[in-house]
Structures are given as C-alpha cells and as structure tokens.
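What follows is a set of notes on a single structure, which appears directly below.
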Amino acid sequence: MFSSKQISTSLWAATAPARTAAPALRGRAETDVAVIGGGFSGLSTALHLARAGQKVTVLEGMEVGYGGSGRNNGQVIPTMTAAEPDAIEERFGETGERFVALIRDSASYLFDTARAEGIDCEGEQTGWFQPAHRESRMRLSARRVEAWAKRGAPCRLLDRAESARVVGSDQWFGGMYNPTGGHINPLALARGLAAACEKHGATLHEHSPVSTVERKDGKWHLRMKDGATLVARSVMLASNAYTGQLEPTLSPRVARSVVPVLSWQMATQPLDEEQRKVVIPGREAVSDTHGDLRFFRFDKRNRLVTGGALVCTLNGPERLKALVGSRLAEAFPVLGTPKFDFVWNGFIGMTEDRFPFISQLGPDFWCWAGCNGRGVALSISLGRELAEAIAGRPASELALPMSDPKPIPFHGLIKSVAPPVMLPLYRWRDGRD
Ligand SMILES: Cc1cc2nc3c(=O)[nH]c(=O)nc-3n(C[C@H](O)[C@H](O)[C@H](O)COP(=O)(O)OP(=O)(O)OC[C@H]3O[C@@H](n4cnc5c(N)ncnc54)[C@H](O)[C@@H]3O)c2cc1C
C-alpha cells in the first residue's frame, strides 16, 4: 500500500524554495503559546500571534508542510465543499454570518498575506471556476451564486459557452465563477509562512512530534517521546487529518472525529504553447461538481496539476495515470495522451457532517480540524481568528463557529472502508440528476 509519506515525490517538493529544517526541541522550554503542527493552520496562527507580540513556539512532527499543506492541489477557493452560507448562518446565527464573511474573503486574504510577508508562492489570483458536470447541476450552481452574491461575493454564473471558453472544453455546462480565487505552490507558501513566523519572532522546532498534552499547575505540558517538554499557557492543536498519524496518543478524541481520506495528486509534463492556448487559457483554478472530483490548474512551469481518487491503492500511480490520463484526453483532445512526471498523495480530513469543528479542548486549548478538502484559503483566515481568541478576545466576537469534536463510532473500521464504500457511491450519484 502506498503511504502518505510520498511528499518527496511531489511536484511541490521539486519546485518549492529549499528550507533548512529548524532544530528539534531538546530538554525543557517555556512559551506563551504552543502550536502543534506546521501546516497552514498552525503557521497562520503562529504568524498572527507573533505579529501581535506573543511568545509562540511551533512544534512540527516532521517538516513544515509535511501534511495537507505541502501536498494539496493549491487551489485557493473561497467556499466550502458542502456547507452552504444559508445553512451555516441558520446553525450559528451571528457567528455564522461572520464565518460566512470570513470564507467569502478568504482567498483574497491568503494572497494579501503572502504579498504582505513577501512570500513567493507562485500565487496567481486568476479566479476559481466550478463547472457543472451535468445540466441538472446548473441549478446547484445558480443557487450557490445567488447565495454568495447576496453576501457580497463577486461571483457570477457562467453559461455553457463561457464555461467552454474558460475551461477549453465543452464537457461542462456552465457554473460558478469567483474572480478572487486562484492557485499557489502550496509547499512554497508553507515554507514562506514558516520563514515569516521566524522573522516576527516565533520559534519553530521541526522533527518534534508531540506525544501527549497534559494540564499541570495551570499550564499545558507538551511532551515528546524522548522526554523533551514544552510548557505553555495556551495550546493550538493544528494537526488536522494527521492527528494521531505520527503519535497515536496525541488527542485520540480529535483523531477519531476526522476520517483521513487519501487524495492523489498528479502533474503532467509541461504543456507546449499550442496546448496552453486551448486548455484553461486564463489559468483559472478549476474544480467541478463531481463527487469524484475533476480538478486542474497550471503551475508556474505550465504543468497541468490534477489528480483523482482510487477505491484501492494497489499500484495506485500507474492506475491513476491511465484513469486520469484518459479523462484529460477526453476533455482536452489537444493533449493527446498526457504524460505525468509526478504522482503523490495526502490525507484530507473528512467529518461526518462535512463541516469543520473549531473547538476548545480545555482552558486555553484550541483546535480546528476537518477541512473536508477545502482548507487552503480557510486555514489562513482561521489562523487569524484563532490567534485573536488565544490572545484573549471573546470567541463570541469572532468568526469562530464553535462545536465539539464528534468521535465517530467504529472509527478504525470507517477509516478503512470509507473510500471503497463512498467513492462508488459518489460515482453512482455523479451519473444521476
Ligand atoms: C492531496 C490534497 C489536496 C488538497 N487540495 C486542496 C485544494 O486544492 N484546495 C483547498 O482549499 N484545500 C485542499 N486540500 C486541503 C488542504 O490542503 C488542507 O485543508 C490544509 O492544508 C490543512 O492545513 P492544516 O495546517 O490544518 O493541516 P496540515 O497541513 O495537514 O498540517 C498538520 C501538521 O501537523 C503535523 N503533526 C501531526 N501530528 C503531529 C504531532 N504529534 N506533533 C507535531 N506535529 C504533528 C503534521 O506533520 C502536519 O504537518 C487538499 C488536501 C490534500 C491532502
């Protein structure tokens, strides 16, 4: 079986600026705020805290960007996969309205943050397009455009002809377009955020997996297996889908509330100029309405970065090359038989209700997890809000729809049967109106 350690085979590992890992934590240290996890969530929280003058220490079990943040498709998308604005506001009232506004502004906030910190993450704010894969799905697109436009998002409904111009294929029927979206090199952003954290005075330790977090004498004690200990006033747990993967004793309650689902990413050889003029000529980020998602975007070197899902991971890369290659060839005949240079994967944190949980696990102990595949833009904005909460601003004033983690019964079983059961179900639904 292919493990999720495949980050080293990723396009991003081959193209992001190199970074020398920060030293591991040794002995005993004290800090105001301890952040567990060096992905977008942890780094954004640390960055906002450090900018505000707090003493903050990030403990990353492997290397910065090891989790979803260094492996994703890099699509910067100002919506969630399943939760619609009406439902969020209905469930969380005024906090829900603030959260919807946070999502609405999240793509621009990511690009602004990268610019403000001088991070070269190959960011292209070319827009995000969600084409409808069946005519019937246009009703969903229209509803989404209406709901977001009502809340001030600059999105538009494109018809079939406009969709064909944006995507460079007439396979789709139109859909929702939002000009604030776009794409990045995600590992470059993670590494750039780490450097920005250090520049603002945060301390980073990599190869420092936290085993346990215990409350003692009014402080949190974060321990590693080798005995190294960090003592902190506040903790932010930002290990998302990777909670429990490096150290099973790290918050089993959070780990059991998220189902880590393997998502495969691939990058083609660079396209030539003729192909480039046809395929997504405006370089938007595209992810469609399939449950078995079709998604593509260009990187800086004109590779098409795409991917897919598999029911069984046996011989995954070769089977994916055939499956995704034939889908691409069908949508874009100009590509001929696409050749792939990179295949890698990573875990997406799914929750039962497809909504993230943002929780307090104890006094001054914060956490969010369960991005459900849409966390690039969201995690940067949530980091800002969580930094405010950690600094003492009441959560009731912030865009933080709080809820408890909900451990999933038979989690071990669900983790292994989810892809074989859910993917065929998604594919079956994809073929119906
Ligand atoms: C393949 C893939 C494609 C995706 N594509 C997109 C996309 O195009 N657009 C989008 O919006 N979203 C996408 N996502 C989701 C997005 O990547 C995530 O939502 C986002 O990166 C989550 O960031 P995070 O910081 O919360 O978690 P992560 O980036 O997963 O970081 C968690 C970190 O915690 C560390 N950790 C775990 N255990 C410990 C421990 N015991 N001690 C210390 N550290 C620990 C891990 O090593 C890891 O670095 C994708 C995800 C994947 C996996």
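Ligands are numbered from 1 in the order shown, residues from 1 within each chain, and chains are lettered A, B, ... in the order they appear in the structure tokens.
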For this session: Residues up to 6 Å from ligand 1, counting only C-alpha atoms and all ligand atoms: could you list those as a PyMOL selection string?
Result: chain A and resi 36-42+59-62+64-69+71-77+208-211+238-244+246-247+250+263-265+345-348+371+373-377+379
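Between Ala50 in chain A and the residues A:Pro17, A:Gly201, A:Pro186, A:Pro179, the shortest atom-to-atom distance, using only C-alpha atoms, involves A:Gly201.
Minimum atom-to-atom distances from A:Ser416, A:Thr229, A:Thr15, A:Ser381 to Asp299 in chain A were compared using only C-alpha atoms, and the lowest value belongs to A:Thr15.
Using only C-alpha atoms, the nearest neighbour of Asp341 in chain A within the list A:Asp353, A:Glu318, A:Glu30, A:Asp288 is A:Glu318.
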Problem set entry | All strand (DSSP E or B) positions in range 64-177 of chain A, as a VMD selection string | chain A and resid 75 to 76 124 128 to 131 156 to 158 175 to 177
Go ahead and write the residues just picked, all heavy atoms, as a short mmCIF file (atom, residue, chain, number, x, y, z; two decimals), in the first residue's frame.
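Full text of out_3.cif as output:
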data_model
loop_
_atom_site.label_atom_id
_atom_site.label_comp_id
_atom_site.auth_asym_id
_atom_site.auth_seq_id
_atom_site.Cartn_x
_atom_site.Cartn_y
_atom_site.Cartn_z
N GLN A 75 -5.37 24.96 -4.91
CA GLN A 75 -6.49 25.80 -5.37
C GLN A 75 -6.96 26.65 -4.20
O GLN A 75 -7.28 26.13 -3.12
CB GLN A 75 -7.63 24.94 -5.89
CG GLN A 75 -7.23 24.11 -7.09
CD GLN A 75 -8.38 23.79 -8.03
OE1 GLN A 75 -9.47 24.36 -7.96
NE2 GLN A 75 -8.13 22.88 -8.95
N VAL A 76 -7.01 27.94 -4.43
CA VAL A 76 -7.40 28.89 -3.39
C VAL A 76 -8.88 29.20 -3.64
O VAL A 76 -9.22 29.90 -4.60
CB VAL A 76 -6.54 30.16 -3.46
CG1 VAL A 76 -6.89 31.11 -2.32
CG2 VAL A 76 -5.05 29.79 -3.42
N GLU A 124 -1.24 32.96 -8.22
CA GLU A 124 -1.91 33.55 -9.39
C GLU A 124 -3.38 33.72 -9.03
O GLU A 124 -4.11 32.73 -8.91
CB GLU A 124 -1.77 32.64 -10.62
CG GLU A 124 -0.35 32.49 -11.10
CD GLU A 124 -0.26 31.68 -12.41
OE1 GLU A 124 -1.04 31.95 -13.34
OE2 GLU A 124 0.58 30.78 -12.47
N TRP A 128 -11.46 31.32 -9.57
CA TRP A 128 -11.78 29.90 -9.37
C TRP A 128 -13.10 29.62 -10.07
O TRP A 128 -14.05 30.40 -9.96
CB TRP A 128 -11.91 29.59 -7.87
CG TRP A 128 -12.44 28.20 -7.62
CD1 TRP A 128 -11.81 27.04 -7.92
CD2 TRP A 128 -13.70 27.83 -7.04
NE1 TRP A 128 -12.60 25.97 -7.56
CE2 TRP A 128 -13.76 26.42 -7.01
CE3 TRP A 128 -14.78 28.56 -6.53
CZ2 TRP A 128 -14.85 25.72 -6.51
CZ3 TRP A 128 -15.87 27.86 -6.02
CH2 TRP A 128 -15.90 26.45 -6.01
N PHE A 129 -13.15 28.50 -10.80
CA PHE A 129 -14.35 28.15 -11.54
C PHE A 129 -14.79 26.75 -11.14
O PHE A 129 -13.98 25.83 -11.09
CB PHE A 129 -14.06 28.22 -13.05
CG PHE A 129 -15.26 27.94 -13.90
CD1 PHE A 129 -16.50 28.53 -13.61
CD2 PHE A 129 -15.17 27.11 -15.01
CE1 PHE A 129 -17.61 28.28 -14.40
CE2 PHE A 129 -16.27 26.86 -15.81
CZ PHE A 129 -17.50 27.45 -15.49
N GLN A 130 -16.11 26.63 -10.84
CA GLN A 130 -16.67 25.32 -10.51
C GLN A 130 -17.69 24.93 -11.58
O GLN A 130 -18.88 25.20 -11.45
CB GLN A 130 -17.35 25.36 -9.13
CG GLN A 130 -17.83 23.98 -8.71
CD GLN A 130 -18.55 24.00 -7.37
OE1 GLN A 130 -19.35 24.89 -7.10
NE2 GLN A 130 -18.25 23.02 -6.54
N PRO A 131 -17.23 24.29 -12.66
CA PRO A 131 -18.17 23.95 -13.73
C PRO A 131 -19.09 22.80 -13.34
O PRO A 131 -18.69 21.88 -12.61
CB PRO A 131 -17.26 23.56 -14.89
CG PRO A 131 -15.96 23.19 -14.29
CD PRO A 131 -15.85 23.90 -12.98
N ARG A 156 -20.16 34.97 -10.27
CA ARG A 156 -21.07 35.05 -11.42
C ARG A 156 -21.38 33.65 -11.90
O ARG A 156 -20.57 32.74 -11.76
CB ARG A 156 -20.38 35.77 -12.59
CG ARG A 156 -20.26 37.25 -12.46
CD ARG A 156 -19.93 37.89 -13.80
NE ARG A 156 -18.67 37.48 -14.42
CZ ARG A 156 -18.55 36.97 -15.63
NH1 ARG A 156 -19.63 36.76 -16.38
NH2 ARG A 156 -17.37 36.66 -16.13
N LEU A 157 -22.57 33.53 -12.53
CA LEU A 157 -22.93 32.25 -13.16
C LEU A 157 -22.51 32.32 -14.63
O LEU A 157 -22.97 33.21 -15.35
CB LEU A 157 -24.43 32.03 -13.03
CG LEU A 157 -24.92 30.65 -13.45
CD1 LEU A 157 -24.42 29.58 -12.48
CD2 LEU A 157 -26.45 30.61 -13.52
N LEU A 158 -21.64 31.43 -15.05
CA LEU A 158 -21.25 31.38 -16.46
C LEU A 158 -22.12 30.38 -17.19
O LEU A 158 -22.48 29.34 -16.64
CB LEU A 158 -19.78 30.96 -16.60
CG LEU A 158 -18.71 31.75 -15.84
CD1 LEU A 158 -17.32 31.40 -16.37
CD2 LEU A 158 -18.92 33.27 -15.93
N GLY A 175 -21.39 27.28 -14.84
CA GLY A 175 -21.11 27.09 -13.42
C GLY A 175 -20.74 28.38 -12.71
O GLY A 175 -20.85 29.47 -13.27
N MET A 176 -20.30 28.20 -11.46
CA MET A 176 -20.00 29.36 -10.60
C MET A 176 -18.55 29.80 -10.80
O MET A 176 -17.64 28.98 -10.70
CB MET A 176 -20.23 29.00 -9.13
CG MET A 176 -19.81 30.12 -8.20
SD MET A 176 -20.50 29.98 -6.54
CE MET A 176 -19.44 28.77 -5.83
N TYR A 177 -18.39 31.09 -11.02
CA TYR A 177 -17.04 31.66 -11.19
C TYR A 177 -16.83 32.71 -10.11
O TYR A 177 -17.70 33.55 -9.88
CB TYR A 177 -16.90 32.28 -12.58
CG TYR A 177 -15.63 33.09 -12.74
CD1 TYR A 177 -14.41 32.45 -12.86
CD2 TYR A 177 -15.67 34.47 -12.73
CE1 TYR A 177 -13.24 33.18 -12.98
CE2 TYR A 177 -14.50 35.22 -12.86
CZ TYR A 177 -13.28 34.56 -12.97
OH TYR A 177 -12.13 35.29 -13.07
#
Check the DSSP output for the backbone and give back, as a compact mmCIF listing (two decimals) with all heavy atoms, in the first residue's frame, the residues of range 120-240 of chain A in helix (DSSP H, G or I).
# COMPACT_ATOMS: atom_id res chain seq x y z
N GLU A 135 -26.17 18.98 -16.77
CA GLU A 135 -27.01 20.17 -16.92
C GLU A 135 -27.81 20.42 -15.64
O GLU A 135 -27.97 21.55 -15.21
CB GLU A 135 -27.94 20.00 -18.12
CG GLU A 135 -28.53 21.33 -18.54
CD GLU A 135 -28.94 21.32 -20.00
OE1 GLU A 135 -29.06 20.24 -20.60
OE2 GLU A 135 -29.14 22.43 -20.54
N SER A 136 -28.27 19.31 -15.03
CA SER A 136 -29.08 19.45 -13.81
C SER A 136 -28.31 20.14 -12.69
O SER A 136 -28.89 20.79 -11.83
CB SER A 136 -29.56 18.09 -13.35
OG SER A 136 -28.45 17.24 -13.12
N ARG A 137 -26.97 19.99 -12.68
CA ARG A 137 -26.17 20.61 -11.60
C ARG A 137 -26.10 22.13 -11.74
O ARG A 137 -25.63 22.81 -10.83
CB ARG A 137 -24.76 20.04 -11.55
CG ARG A 137 -24.67 18.59 -11.27
CD ARG A 137 -25.24 18.23 -9.90
NE ARG A 137 -24.75 16.96 -9.42
CZ ARG A 137 -25.21 15.77 -9.78
NH1 ARG A 137 -26.21 15.68 -10.64
NH2 ARG A 137 -24.69 14.66 -9.30
N MET A 138 -26.55 22.66 -12.87
CA MET A 138 -26.56 24.11 -13.03
C MET A 138 -27.51 24.76 -12.02
O MET A 138 -27.33 25.91 -11.64
CB MET A 138 -26.96 24.50 -14.46
CG MET A 138 -25.83 24.39 -15.46
SD MET A 138 -24.45 25.48 -15.06
CE MET A 138 -25.08 27.07 -15.64
N ARG A 139 -28.53 24.00 -11.59
CA ARG A 139 -29.44 24.56 -10.57
C ARG A 139 -28.67 24.80 -9.27
O ARG A 139 -28.84 25.81 -8.60
CB ARG A 139 -30.62 23.62 -10.32
CG ARG A 139 -31.64 23.62 -11.45
CD ARG A 139 -32.96 23.01 -10.99
NE ARG A 139 -32.83 21.60 -10.69
CZ ARG A 139 -32.90 20.61 -11.60
NH1 ARG A 139 -33.09 20.90 -12.87
NH2 ARG A 139 -32.79 19.35 -11.25
N LEU A 140 -27.80 23.85 -8.94
CA LEU A 140 -26.96 24.00 -7.74
C LEU A 140 -26.02 25.20 -7.91
O LEU A 140 -25.88 26.02 -7.00
CB LEU A 140 -26.15 22.71 -7.55
CG LEU A 140 -25.13 22.69 -6.41
CD1 LEU A 140 -25.83 22.72 -5.06
CD2 LEU A 140 -24.25 21.45 -6.52
N SER A 141 -25.41 25.31 -9.08
CA SER A 141 -24.50 26.43 -9.33
C SER A 141 -25.25 27.76 -9.20
O SER A 141 -24.75 28.71 -8.58
CB SER A 141 -23.90 26.34 -10.74
OG SER A 141 -23.24 25.13 -10.91
N ALA A 142 -26.46 27.81 -9.77
CA ALA A 142 -27.23 29.07 -9.71
C ALA A 142 -27.59 29.41 -8.27
O ALA A 142 -27.50 30.57 -7.85
CB ALA A 142 -28.51 28.93 -10.56
N ARG A 143 -27.97 28.40 -7.50
CA ARG A 143 -28.30 28.62 -6.08
C ARG A 143 -27.08 29.14 -5.33
O ARG A 143 -27.17 30.04 -4.51
CB ARG A 143 -28.78 27.31 -5.43
CG ARG A 143 -30.26 27.07 -5.51
CD ARG A 143 -30.76 26.15 -4.40
NE ARG A 143 -29.99 24.94 -4.22
CZ ARG A 143 -30.17 23.81 -4.92
NH1 ARG A 143 -31.09 23.76 -5.86
NH2 ARG A 143 -29.45 22.74 -4.67
N ARG A 144 -25.92 28.55 -5.62
CA ARG A 144 -24.69 28.96 -4.93
C ARG A 144 -24.33 30.40 -5.29
O ARG A 144 -23.98 31.19 -4.42
CB ARG A 144 -23.53 28.04 -5.31
CG ARG A 144 -23.60 26.74 -4.59
CD ARG A 144 -22.36 25.90 -4.76
NE ARG A 144 -22.47 24.75 -3.87
CZ ARG A 144 -21.97 23.55 -4.10
NH1 ARG A 144 -21.29 23.33 -5.21
NH2 ARG A 144 -22.13 22.57 -3.23
N VAL A 145 -24.41 30.72 -6.57
CA VAL A 145 -24.08 32.09 -7.00
C VAL A 145 -25.01 33.08 -6.29
O VAL A 145 -24.58 34.10 -5.76
CB VAL A 145 -24.17 32.22 -8.53
CG1 VAL A 145 -24.14 33.69 -8.95
CG2 VAL A 145 -23.05 31.46 -9.21
N GLU A 146 -26.30 32.73 -6.26
CA GLU A 146 -27.28 33.64 -5.63
C GLU A 146 -26.96 33.83 -4.14
O GLU A 146 -26.92 34.95 -3.63
CB GLU A 146 -28.68 33.05 -5.80
CG GLU A 146 -29.78 34.05 -5.49
CD GLU A 146 -31.14 33.37 -5.42
OE1 GLU A 146 -31.31 32.29 -6.02
OE2 GLU A 146 -32.02 33.94 -4.76
N ALA A 147 -26.66 32.71 -3.47
CA ALA A 147 -26.40 32.78 -2.02
C ALA A 147 -25.14 33.59 -1.73
O ALA A 147 -25.12 34.42 -0.81
CB ALA A 147 -26.25 31.37 -1.45
N TRP A 148 -24.10 33.39 -2.52
CA TRP A 148 -22.85 34.11 -2.25
C TRP A 148 -22.94 35.57 -2.70
O TRP A 148 -22.42 36.47 -2.02
CB TRP A 148 -21.66 33.41 -2.91
CG TRP A 148 -21.19 32.23 -2.10
CD1 TRP A 148 -21.35 30.92 -2.41
CD2 TRP A 148 -20.56 32.27 -0.82
NE1 TRP A 148 -20.84 30.14 -1.41
CE2 TRP A 148 -20.34 30.94 -0.42
CE3 TRP A 148 -20.14 33.30 0.03
CZ2 TRP A 148 -19.72 30.60 0.80
CZ3 TRP A 148 -19.53 32.97 1.24
CH2 TRP A 148 -19.33 31.65 1.61
N ALA A 149 -23.61 35.82 -3.84
CA ALA A 149 -23.74 37.20 -4.31
C ALA A 149 -24.52 38.03 -3.29
O ALA A 149 -24.20 39.20 -3.03
CB ALA A 149 -24.41 37.22 -5.68
N LYS A 150 -25.54 37.41 -2.67
CA LYS A 150 -26.34 38.10 -1.64
C LYS A 150 -25.45 38.56 -0.48
O LYS A 150 -25.73 39.54 0.19
CB LYS A 150 -27.39 37.10 -1.12
CG LYS A 150 -28.63 37.75 -0.54
CD LYS A 150 -29.73 36.73 -0.35
CE LYS A 150 -29.67 36.13 1.03
NZ LYS A 150 -30.60 35.02 1.25
N ARG A 160 -22.95 27.90 -20.72
CA ARG A 160 -22.15 26.80 -21.30
C ARG A 160 -21.04 27.32 -22.23
O ARG A 160 -19.91 26.82 -22.20
CB ARG A 160 -23.07 25.83 -22.05
CG ARG A 160 -22.33 24.59 -22.40
CD ARG A 160 -23.21 23.46 -22.86
NE ARG A 160 -22.38 22.26 -22.96
CZ ARG A 160 -22.82 21.09 -23.34
NH1 ARG A 160 -24.09 20.93 -23.60
NH2 ARG A 160 -22.00 20.06 -23.42
N ALA A 161 -21.38 28.36 -23.01
CA ALA A 161 -20.37 28.88 -23.95
C ALA A 161 -19.21 29.53 -23.19
O ALA A 161 -18.03 29.34 -23.52
CB ALA A 161 -21.03 29.88 -24.89
N GLU A 162 -19.55 30.29 -22.12
CA GLU A 162 -18.49 30.93 -21.33
C GLU A 162 -17.64 29.87 -20.64
O GLU A 162 -16.41 29.99 -20.55
CB GLU A 162 -19.10 31.86 -20.28
CG GLU A 162 -19.70 33.13 -20.86
CD GLU A 162 -20.49 33.90 -19.81
OE1 GLU A 162 -21.44 33.33 -19.23
OE2 GLU A 162 -20.15 35.07 -19.57
N SER A 163 -18.32 28.84 -20.14
CA SER A 163 -17.61 27.75 -19.47
C SER A 163 -16.61 27.09 -20.43
O SER A 163 -15.46 26.83 -20.07
CB SER A 163 -18.64 26.72 -18.99
OG SER A 163 -18.03 25.53 -18.66
N ALA A 164 -17.06 26.86 -21.67
CA ALA A 164 -16.17 26.22 -22.65
C ALA A 164 -14.96 27.10 -22.92
O ALA A 164 -13.84 26.60 -23.10
CB ALA A 164 -16.94 25.96 -23.95
N ARG A 165 -15.16 28.43 -22.91
CA ARG A 165 -14.02 29.33 -23.14
C ARG A 165 -13.05 29.29 -21.96
O ARG A 165 -11.83 29.28 -22.14
CB ARG A 165 -14.52 30.77 -23.36
CG ARG A 165 -14.87 31.07 -24.83
CD ARG A 165 -14.91 32.56 -25.11
NE ARG A 165 -15.97 33.23 -24.36
CZ ARG A 165 -17.25 33.27 -24.72
NH1 ARG A 165 -17.63 32.65 -25.84
NH2 ARG A 165 -18.14 33.91 -24.01
N VAL A 166 -13.59 29.27 -20.72
CA VAL A 166 -12.72 29.28 -19.54
C VAL A 166 -11.94 27.97 -19.44
O VAL A 166 -10.73 27.96 -19.26
CB VAL A 166 -13.54 29.51 -18.24
CG1 VAL A 166 -12.68 29.26 -17.00
CG2 VAL A 166 -14.09 30.93 -18.21
N VAL A 167 -12.66 26.84 -19.59
CA VAL A 167 -12.01 25.54 -19.37
C VAL A 167 -11.23 25.09 -20.61
O VAL A 167 -10.20 24.42 -20.50
CB VAL A 167 -13.05 24.45 -18.98
CG1 VAL A 167 -12.37 23.14 -18.67
CG2 VAL A 167 -13.86 24.90 -17.76
N PRO A 186 1.71 25.27 -2.94
CA PRO A 186 1.38 25.23 -1.51
C PRO A 186 2.58 25.01 -0.59
O PRO A 186 2.64 25.59 0.50
CB PRO A 186 0.39 24.07 -1.39
CG PRO A 186 0.59 23.26 -2.61
CD PRO A 186 1.08 24.17 -3.69
N LEU A 187 3.55 24.20 -1.04
CA LEU A 187 4.71 23.98 -0.17
C LEU A 187 5.55 25.26 -0.07
O LEU A 187 6.10 25.57 0.98
CB LEU A 187 5.56 22.81 -0.69
CG LEU A 187 6.70 22.35 0.22
CD1 LEU A 187 6.18 21.93 1.60
CD2 LEU A 187 7.48 21.20 -0.41
N ALA A 188 5.58 26.02 -1.17
CA ALA A 188 6.29 27.30 -1.12
C ALA A 188 5.59 28.24 -0.14
O ALA A 188 6.25 29.00 0.59
CB ALA A 188 6.34 27.92 -2.52
N LEU A 189 4.25 28.18 -0.11
CA LEU A 189 3.54 29.04 0.85
C LEU A 189 3.83 28.58 2.28
O LEU A 189 4.10 29.41 3.16
CB LEU A 189 2.03 29.02 0.59
CG LEU A 189 1.22 29.87 1.58
CD1 LEU A 189 1.59 31.36 1.47
CD2 LEU A 189 -0.29 29.71 1.38
N ALA A 190 3.80 27.27 2.52
CA ALA A 190 4.05 26.77 3.89
C ALA A 190 5.45 27.18 4.34
O ALA A 190 5.63 27.69 5.46
CB ALA A 190 3.88 25.25 3.93
N ARG A 191 6.43 26.98 3.47
CA ARG A 191 7.80 27.33 3.85
C ARG A 191 7.95 28.85 4.03
O ARG A 191 8.66 29.32 4.93
CB ARG A 191 8.79 26.80 2.81
CG ARG A 191 8.89 25.28 2.88
CD ARG A 191 9.86 24.71 1.86
NE ARG A 191 9.95 23.27 2.01
CZ ARG A 191 10.56 22.46 1.15
NH1 ARG A 191 11.12 22.95 0.06
NH2 ARG A 191 10.59 21.15 1.37
N GLY A 192 7.27 29.61 3.17
CA GLY A 192 7.32 31.07 3.29
C GLY A 192 6.66 31.54 4.59
O GLY A 192 7.16 32.47 5.25
N LEU A 193 5.57 30.90 4.96
CA LEU A 193 4.91 31.27 6.23
C LEU A 193 5.82 30.94 7.41
O LEU A 193 5.89 31.71 8.39
CB LEU A 193 3.58 30.52 6.38
CG LEU A 193 2.41 31.00 5.52
CD1 LEU A 193 1.24 30.01 5.61
CD2 LEU A 193 1.93 32.39 5.94
N ALA A 194 6.53 29.80 7.31
CA ALA A 194 7.44 29.43 8.40
C ALA A 194 8.52 30.51 8.55
O ALA A 194 8.84 30.94 9.68
CB ALA A 194 8.06 28.07 8.12
N ALA A 195 9.07 30.95 7.42
CA ALA A 195 10.11 31.99 7.48
C ALA A 195 9.53 33.28 8.05
O ALA A 195 10.19 33.99 8.84
CB ALA A 195 10.69 32.21 6.08
N ALA A 196 8.28 33.60 7.66
CA ALA A 196 7.65 34.82 8.16
C ALA A 196 7.43 34.72 9.68
O ALA A 196 7.63 35.70 10.41
CB ALA A 196 6.32 35.06 7.45
N CYS A 197 7.04 33.55 10.15
CA CYS A 197 6.86 33.35 11.60
C CYS A 197 8.17 33.65 12.32
O CYS A 197 8.21 34.37 13.32
CB CYS A 197 6.46 31.90 11.90
SG CYS A 197 4.77 31.52 11.48
N GLU A 198 9.26 33.08 11.78
CA GLU A 198 10.57 33.27 12.42
C GLU A 198 10.97 34.75 12.38
O GLU A 198 11.48 35.29 13.36
CB GLU A 198 11.62 32.39 11.73
CG GLU A 198 11.44 30.92 12.11
CD GLU A 198 12.25 29.95 11.25
OE1 GLU A 198 12.44 30.23 10.04
OE2 GLU A 198 12.67 28.90 11.79
N LYS A 199 10.67 35.39 11.25
CA LYS A 199 11.02 36.81 11.11
C LYS A 199 10.31 37.66 12.18
O LYS A 199 10.87 38.61 12.72
CB LYS A 199 10.61 37.28 9.69
CG LYS A 199 10.98 38.72 9.37
CD LYS A 199 10.52 39.08 7.96
CE LYS A 199 9.05 39.47 7.96
NZ LYS A 199 8.45 39.59 6.64
N ASN A 240 -4.88 18.56 12.24
CA ASN A 240 -5.91 18.23 11.25
C ASN A 240 -5.99 16.74 10.91
O ASN A 240 -6.06 15.93 11.82
CB ASN A 240 -5.65 19.08 9.99
CG ASN A 240 -6.94 19.53 9.35
OD1 ASN A 240 -7.92 18.78 9.29
ND2 ASN A 240 -6.99 20.75 8.89
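Comparing the minimum interatomic distances between Pro23 in chain A and each of A:Thr203, A:Thr45, A:Thr81, A:Thr95, counting only C-alpha atoms, we find that A:Thr203 sits nearest.
Shell of range 272-284 of chain A at 8 Å, with only C-alpha atoms counted and residues fewer than 6 places along the chain excluded, is Gln125, Thr126, Gly127, Trp128, Phe129, Arg165, Val166, Val167, Gly168, Ser169, Gly182, His183, Arg297, Phe298, Asn302, Phe332, Val334 and Leu335 of chain A.
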Set the distance at 9 Å and use only C-alpha atoms: which residues neighbour Ala232 in chain A once local chain neighbours fewer than 2 positions away are removed? I'd like the list as an mmCIF file with N, CA and C atoms, in the first residue's frame.
data_model
loop_
_atom_site.group_PDB
_atom_site.id
_atom_site.type_symbol
_atom_site.label_atom_id
_atom_site.label_comp_id
_atom_site.auth_asym_id
_atom_site.auth_seq_id
_atom_site.Cartn_x
_atom_site.Cartn_y
_atom_site.Cartn_z
ATOM 1 N N ALA A 29 11.479 23.645 27.633
ATOM 2 C CA ALA A 29 11.379 25.052 27.239
ATOM 3 C C ALA A 29 10.012 25.576 27.664
ATOM 4 N N GLU A 30 9.900 26.905 27.771
ATOM 5 C CA GLU A 30 8.610 27.535 28.123
ATOM 6 C C GLU A 30 8.228 28.526 27.034
ATOM 7 N N THR A 31 6.944 28.704 26.851
ATOM 8 C CA THR A 31 6.454 29.655 25.856
ATOM 9 C C THR A 31 5.078 30.144 26.303
ATOM 10 N N ASP A 32 4.575 31.194 25.647
ATOM 11 C CA ASP A 32 3.178 31.606 25.936
ATOM 12 C C ASP A 32 2.216 30.661 25.226
ATOM 13 N N VAL A 33 2.441 30.530 23.915
ATOM 14 C CA VAL A 33 1.509 29.726 23.102
ATOM 15 C C VAL A 33 2.284 28.636 22.374
ATOM 16 N N ALA A 34 1.829 27.403 22.533
ATOM 17 C CA ALA A 34 2.420 26.279 21.797
ATOM 18 C C ALA A 34 1.483 25.902 20.666
ATOM 19 N N VAL A 56 5.525 32.673 20.871
ATOM 20 C CA VAL A 56 4.853 31.490 20.311
ATOM 21 C C VAL A 56 5.889 30.494 19.789
ATOM 22 N N THR A 57 5.612 29.204 20.030
ATOM 23 C CA THR A 57 6.514 28.135 19.605
ATOM 24 C C THR A 57 5.720 27.098 18.813
ATOM 25 N N LYS A 219 -0.827 25.056 33.748
ATOM 26 C CA LYS A 219 -0.140 25.198 32.443
ATOM 27 C C LYS A 219 -0.280 23.899 31.648
ATOM 28 N N TRP A 220 -0.042 24.005 30.346
ATOM 29 C CA TRP A 220 -0.051 22.817 29.482
ATOM 30 C C TRP A 220 1.372 22.309 29.302
ATOM 31 N N HIS A 221 1.526 20.996 29.442
ATOM 32 C CA HIS A 221 2.852 20.375 29.278
ATOM 33 C C HIS A 221 2.796 19.473 28.040
ATOM 34 N N LEU A 222 3.555 19.842 27.012
ATOM 35 C CA LEU A 222 3.582 19.076 25.758
ATOM 36 C C LEU A 222 4.840 18.227 25.767
ATOM 37 N N LEU A 230 7.636 21.030 26.362
ATOM 38 C CA LEU A 230 7.350 22.454 26.198
ATOM 39 C C LEU A 230 6.194 22.804 27.127
ATOM 40 N N SER A 234 -1.084 28.554 26.604
ATOM 41 C CA SER A 234 -2.155 28.194 25.652
ATOM 42 C C SER A 234 -1.614 27.204 24.628
ATOM 43 N N VAL A 235 -2.544 26.439 24.078
ATOM 44 C CA VAL A 235 -2.162 25.477 23.036
ATOM 45 C C VAL A 235 -3.115 25.617 21.851
#
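Residue nearest Ala22 in chain A within the list A:Val58, A:Leu386, A:Leu293, A:Ala52: A:Val58 [criterion: smallest interatomic distance, only C-alpha atoms].
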